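Participant: Questions regarding the structure given below will be posed in turn.
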Amino acid sequence: MIEGLRHILYPDVCVACRALLRDGEALVCASCLAEFSPYPGPDAGGEALRRAMLEHFGPEALPDGSWCLYPYRGAGPLHDTMHALKYEGLFPVGRLFGRKLGALIAASGEARFDAIVPVPLHRLKRVERSYNQAEQIAEGVSEVLGTPVMARTLIRKRYTGSQTGLTSRARRKNVEGAFGRGRQPCPPRVLVVDDVVTTGATMAAAAAALRDSGAASLSFAAVALTEKT
C-alpha cells in the first residue's frame with residue numbers, strides 16, 4: 001500500500017520501472033508495455049487458455065469463449081505491474097488491463113454476454129486489500145463492451161490460501177467448493193474475468209458455481225496465463 005500512496009503523490013511515474021512517464025503515457029511507460037509481449041495474434045491467448053483448461057480439467061471444463069492478453073513469467077515488467085495491481089493498491093492498473101482485454105474481445109466479434117462476473121475475493125481478503133483486482137479488470141472490460149459487471153452474482157464462501165507454489169492437484173483441492181451463489185441472480189450468458197490463470201483451477205471452480213446458479217453459457221477472460229516452466 002505504501003507504493004500505492006507514493007503513486008498517488010507522484011502519479012507521473014511508471015508503476016513497473018518507476019521512470020517518469022512521457023506525454024500520452026498513463027500508469028505504464030511505453031518501454032515496459034513493449035516488454036509485456038502479447039500473444040502473437042488475437043486468438044492465440046484464448047487458445048492457450050483453452051489448452052490449459054483441457055490439460056488440467058478435461059473437455060467438460062472448456063469455456064464457450066476464451067481470451068487472454070499475455071503469457072506470464074515470474075519476472076519482468078508485466079510481473080511488476082501485476083504485483084503493483086494486486087498488492088500495492090494501484091487498482092487503476094486493473095482498469096487499464098481491462099480496457100485492453102475488452103478491446104481484444106470486441107475485435108473477435110464474439111462479445112455476446114449478459115454480464116461480466118469477476119472472480120471474487122473472500123470478504124477477509126477484500127478487507128485486507130480494500131478492493132478486488134479482478135473486479136477492477138472487469139470494470140475496464142465493461143467500459144469497452146458496455147456489458148454490466150455483476151460482482152455480487154458469485155461469492156467466495158471460504159477463505160483459501162495462496163495458489164502460488166501449489167501443484168495442479170493441490171490448486172484444485174484448495175478452491176474446491178470455495179464459490180457459491182451470491183445476492184444477484186445469475187444471467188444465462190456470463191463472462192468470467194480474472195487477473196492471472198495458471199492451471200485454471202480457480203476459473204473452473206467459479207464456473208461450476210455459476211452453472212449451479214443457472215448460467216447456460218460461460219466464457220473466460222484473463223489478463224495473463226502463466227507459462228510452463
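Just remember, in the C-alpha cells the first chain shown is A, the second B, etc., residues are 1-based per chain, and ligands are 1-based in the order shown.
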Per residue of region 166-212 of chain A within 12 Å of region 97-115 of chain A, what are the shortest atom pair and its distance in Å to one decimal, counting only C-alpha atoms, with rows by chain and residue number, as a tab-separated table?

Facilitator:
residue	atom	partner	partner_atom	distance
A:Gln184	CA	A:Ala115	CA	11.0
A:Pro185	CA	A:Ala115	CA	10.6
A:Cys186	CA	A:Ala115	CA	8.5
A:Pro187	CA	A:Asp114	CA	6.2
A:Pro188	CA	A:Asp114	CA	6.9
A:Arg189	CA	A:Phe113	CA	4.9
A:Val190	CA	A:Ala115	CA	5.3
A:Leu191	CA	A:Phe113	CA	6.3
A:Val192	CA	A:Ala115	CA	8.7
A:Val193	CA	A:Gly98	CA	9.2
A:Asp194	CA	A:Gly98	CA	9.9
A:Asp195	CA	A:Phe97	CA	9.0
A:Val196	CA	A:Phe97	CA	11.5
A:Leu210	CA	A:Ala115	CA	11.9

Participant: Taking 3 positions as the minimum chain separation for residues in the same chain, which residues sit within 12 Å of Leu20 (chain A) when counting only C-alpha atoms? Answer as an NGL selection string.

Facilitator: :A and (7 or 10-17 or 23-32)

Participant: Mind dumping the selected residues with all heavy atoms as a short mmCIF file (atom, residue, chain, number, x, y, z; two decimals), in the first residue's frame?

Facilitator:
data_model
loop_
_atom_site.label_atom_id
_atom_site.label_comp_id
_atom_site.auth_asym_id
_atom_site.auth_seq_id
_atom_site.Cartn_x
_atom_site.Cartn_y
_atom_site.Cartn_z
N HIS A 7 2.39 6.49 -5.49
CA HIS A 7 1.97 6.76 -6.86
C HIS A 7 0.87 7.82 -6.90
O HIS A 7 0.76 8.57 -7.86
CB HIS A 7 1.49 5.48 -7.54
CG HIS A 7 1.41 5.61 -9.03
ND1 HIS A 7 2.51 5.56 -9.85
CD2 HIS A 7 0.35 5.84 -9.84
CE1 HIS A 7 2.13 5.73 -11.11
NE2 HIS A 7 0.84 5.90 -11.12
N TYR A 10 2.91 10.93 -6.56
CA TYR A 10 3.75 11.15 -7.74
C TYR A 10 3.21 10.31 -8.89
O TYR A 10 3.77 9.27 -9.26
CB TYR A 10 5.20 10.77 -7.43
CG TYR A 10 5.76 11.47 -6.23
CD1 TYR A 10 5.86 10.81 -5.01
CD2 TYR A 10 6.18 12.80 -6.31
CE1 TYR A 10 6.37 11.46 -3.89
CE2 TYR A 10 6.68 13.46 -5.19
CZ TYR A 10 6.77 12.78 -3.99
OH TYR A 10 7.27 13.42 -2.89
N PRO A 11 2.08 10.75 -9.49
CA PRO A 11 1.38 9.90 -10.46
C PRO A 11 2.08 9.75 -11.80
O PRO A 11 1.70 8.91 -12.60
CB PRO A 11 0.03 10.61 -10.62
CG PRO A 11 0.34 12.05 -10.31
CD PRO A 11 1.38 12.01 -9.24
N ASP A 12 3.09 10.58 -12.09
CA ASP A 12 3.71 10.56 -13.40
C ASP A 12 4.92 9.63 -13.46
O ASP A 12 5.90 9.90 -14.14
CB ASP A 12 4.13 11.98 -13.80
CG ASP A 12 2.92 12.90 -13.95
OD1 ASP A 12 1.85 12.39 -14.33
OD2 ASP A 12 3.05 14.09 -13.67
N VAL A 13 4.81 8.50 -12.74
CA VAL A 13 5.89 7.53 -12.69
C VAL A 13 5.35 6.17 -13.11
O VAL A 13 4.26 5.76 -12.69
CB VAL A 13 6.48 7.45 -11.27
CG1 VAL A 13 7.51 6.33 -11.18
CG2 VAL A 13 7.11 8.77 -10.87
N CYS A 14 6.08 5.44 -13.94
CA CYS A 14 5.68 4.11 -14.38
C CYS A 14 5.60 3.16 -13.18
O CYS A 14 6.53 3.10 -12.36
CB CYS A 14 6.69 3.58 -15.40
SG CYS A 14 6.42 1.86 -15.90
N VAL A 15 4.52 2.41 -13.07
CA VAL A 15 4.34 1.51 -11.93
C VAL A 15 5.30 0.32 -11.97
O VAL A 15 5.55 -0.33 -10.96
CB VAL A 15 2.89 0.99 -11.83
CG1 VAL A 15 1.91 2.14 -11.71
CG2 VAL A 15 2.54 0.10 -13.01
N ALA A 16 5.87 0.05 -13.14
CA ALA A 16 6.78 -1.09 -13.27
C ALA A 16 8.23 -0.70 -13.03
O ALA A 16 8.92 -1.28 -12.19
CB ALA A 16 6.62 -1.73 -14.64
N CYS A 17 8.71 0.30 -13.78
CA CYS A 17 10.14 0.65 -13.71
C CYS A 17 10.42 1.93 -12.94
O CYS A 17 11.57 2.28 -12.72
CB CYS A 17 10.72 0.76 -15.12
SG CYS A 17 10.12 2.18 -16.06
N ASP A 23 4.46 12.38 -22.18
CA ASP A 23 3.12 12.80 -22.63
C ASP A 23 2.45 11.65 -23.38
O ASP A 23 3.07 11.01 -24.25
CB ASP A 23 3.24 14.00 -23.55
CG ASP A 23 3.65 15.28 -22.81
OD1 ASP A 23 3.55 15.28 -21.57
OD2 ASP A 23 4.07 16.24 -23.48
N GLY A 24 1.21 11.39 -23.05
CA GLY A 24 0.45 10.32 -23.70
C GLY A 24 0.55 8.99 -23.01
O GLY A 24 -0.19 8.07 -23.33
N GLU A 25 1.48 8.84 -22.06
CA GLU A 25 1.61 7.59 -21.31
C GLU A 25 0.80 7.68 -20.01
O GLU A 25 0.69 8.74 -19.41
CB GLU A 25 3.08 7.30 -20.98
CG GLU A 25 3.94 7.05 -22.19
CD GLU A 25 5.40 6.83 -21.83
OE1 GLU A 25 5.82 7.26 -20.73
OE2 GLU A 25 6.13 6.25 -22.66
N ALA A 26 0.25 6.56 -19.60
CA ALA A 26 -0.53 6.52 -18.36
C ALA A 26 -0.23 5.23 -17.61
O ALA A 26 -0.35 4.13 -18.16
CB ALA A 26 -2.03 6.59 -18.66
N LEU A 27 0.23 5.39 -16.37
CA LEU A 27 0.48 4.29 -15.44
C LEU A 27 1.70 3.44 -15.81
O LEU A 27 2.55 3.14 -14.98
CB LEU A 27 -0.74 3.38 -15.29
CG LEU A 27 -1.98 4.05 -14.68
CD1 LEU A 27 -3.19 3.13 -14.81
CD2 LEU A 27 -1.74 4.39 -13.21
N VAL A 28 1.77 2.99 -17.06
CA VAL A 28 2.88 2.15 -17.52
C VAL A 28 3.53 2.81 -18.73
O VAL A 28 2.84 3.22 -19.66
CB VAL A 28 2.41 0.74 -17.89
CG1 VAL A 28 3.60 -0.15 -18.25
CG2 VAL A 28 1.61 0.11 -16.75
N CYS A 29 4.87 2.92 -18.70
CA CYS A 29 5.56 3.58 -19.81
C CYS A 29 5.56 2.69 -21.06
O CYS A 29 5.35 1.48 -20.99
CB CYS A 29 6.99 3.94 -19.41
SG CYS A 29 8.10 2.52 -19.22
N ALA A 30 5.83 3.31 -22.20
CA ALA A 30 5.80 2.59 -23.47
C ALA A 30 6.86 1.48 -23.51
O ALA A 30 6.64 0.42 -24.09
CB ALA A 30 6.01 3.56 -24.62
N SER A 31 8.01 1.72 -22.89
CA SER A 31 9.08 0.72 -22.89
C SER A 31 8.65 -0.54 -22.16
O SER A 31 8.90 -1.67 -22.62
CB SER A 31 10.35 1.29 -22.25
OG SER A 31 10.87 2.35 -23.01
N CYS A 32 8.00 -0.38 -21.00
CA CYS A 32 7.54 -1.55 -20.25
C CYS A 32 6.39 -2.25 -20.97
O CYS A 32 6.34 -3.49 -21.03
CB CYS A 32 7.12 -1.14 -18.84
SG CYS A 32 8.52 -0.76 -17.75
#

Participant: Give me the residues within 6 Å of region 65-70 of chain A as an mmCIF file with C-alpha atoms, in the first residue's frame, counting only C-alpha atoms and dropping any in the same chain fewer than 5 places off.

Facilitator:
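Written output follows (around-v3.cif):
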data_model
loop_
_atom_site.group_PDB
_atom_site.id
_atom_site.type_symbol
_atom_site.label_atom_id
_atom_site.label_comp_id
_atom_site.auth_asym_id
_atom_site.auth_seq_id
_atom_site.Cartn_x
_atom_site.Cartn_y
_atom_site.Cartn_z
ATOM 1 C CA PRO A 38 1.327 -10.052 -26.006
ATOM 2 C CA TYR A 39 0.293 -13.285 -27.677
ATOM 3 C CA GLY A 45 -4.093 -16.205 -25.936
ATOM 4 C CA GLY A 46 -7.582 -17.674 -25.889
ATOM 5 C CA SER A 219 -16.686 -17.662 -21.281
ATOM 6 C CA PHE A 220 -13.340 -16.876 -19.664
ATOM 7 C CA ALA A 221 -11.082 -13.832 -19.924
ATOM 8 C CA ALA A 222 -7.788 -13.226 -18.149
ATOM 9 C CA VAL A 223 -5.021 -10.672 -18.386
ATOM 10 C CA ALA A 224 -2.292 -13.316 -18.328
#

Participant: Just give me the gap between CA of Arg18 (chain A) and CA of Gly89 (chain A) in Å, one decimal is fine.

Facilitator: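 Going from CA of Arg18 (chain A) over to CA of Gly89 (chain A) covers 15.4 Å.
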
Participant: Have a look at CA of Pro40 (chain A) and CA of Pro63 (chain A) and let me know their distance in Å, one decimal.

Facilitator: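 Pair CA of Pro40 (chain A) / CA of Pro63 (chain A) returns 21.1 Å.
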
Participant: Which is closest to Thr81 (chain A) among A:Pro148, A:Pro118, A:Gly200, A:Gly94, if we use only C-alpha atoms?

Facilitator: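 Smallest distance to Thr81 (chain A) is found for A:Gly94.
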
Participant: Leaving out Gly76 (chain A) and any residue of its chain fewer than 3 positions from it, which residues lie within 12 Å of it when counting only C-alpha atoms, given as a VMD selection string?

Facilitator: chain A and resid 16 to 17 31 to 37 71 to 73 79 to 83

Participant: Report the distance between CA of Leu154 (chain A) and CA of Val119 (chain A) in Å, rounded to one decimal place.

Facilitator: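 Between CA of Leu154 (chain A) and CA of Val119 (chain A) the gap works out to 7.6 Å.
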
Participant: Give me the residues near Val117 (chain A) as a tab-separated table (two decimals) with N, CA and C atoms, in the first residue's frame, where near means some atom within 6 Å (using only C-alpha atoms) and where sequence neighbours in that chain fewer than 3 positions away do not count.

Facilitator:
chain	number	residue	atom	x	y	z
A	149	VAL	N	-21.17	-5.20	-15.15
A	149	VAL	CA	-20.43	-6.04	-14.20
A	149	VAL	C	-21.39	-6.42	-13.08
A	150	MET	N	-21.48	-7.71	-12.79
A	150	MET	CA	-22.32	-8.20	-11.70
A	150	MET	C	-21.40	-8.86	-10.67
A	151	ALA	N	-20.89	-8.03	-9.76
A	151	ALA	CA	-19.88	-8.50	-8.80
A	151	ALA	C	-20.49	-9.26	-7.63
A	192	VAL	N	-16.56	-14.68	-17.30
A	192	VAL	CA	-15.84	-14.72	-16.03
A	192	VAL	C	-14.45	-14.10	-16.24

Participant: As a list in words, please: every residue in region 68-188 of chain A that a backbone DSSP assignment puts in strand (DSSP E).

Facilitator: Cys68, Leu69, Tyr70, Pro71, Tyr72, Ala115, Ile116, Val117, Pro118, Leu154, Ile155, Arg156, Phe179, Gly180 and Arg181 of chain A

Participant: Give me, as a PyMOL selection string, the residues of region 71-159 of chain A that a backbone DSSP run labels alpha helix (DSSP H).

Facilitator: chain A and resi 77-87+92-108+123-129+133-145

Participant: Which neighbours of Arg123 (chain A) fall inside 12 Å, counting only C-alpha atoms, when residues of the same chain fewer than 4 positions from it are skipped, and could you give them as a PyMOL selection string?

Facilitator: chain A and resi 127-132+152+155-160
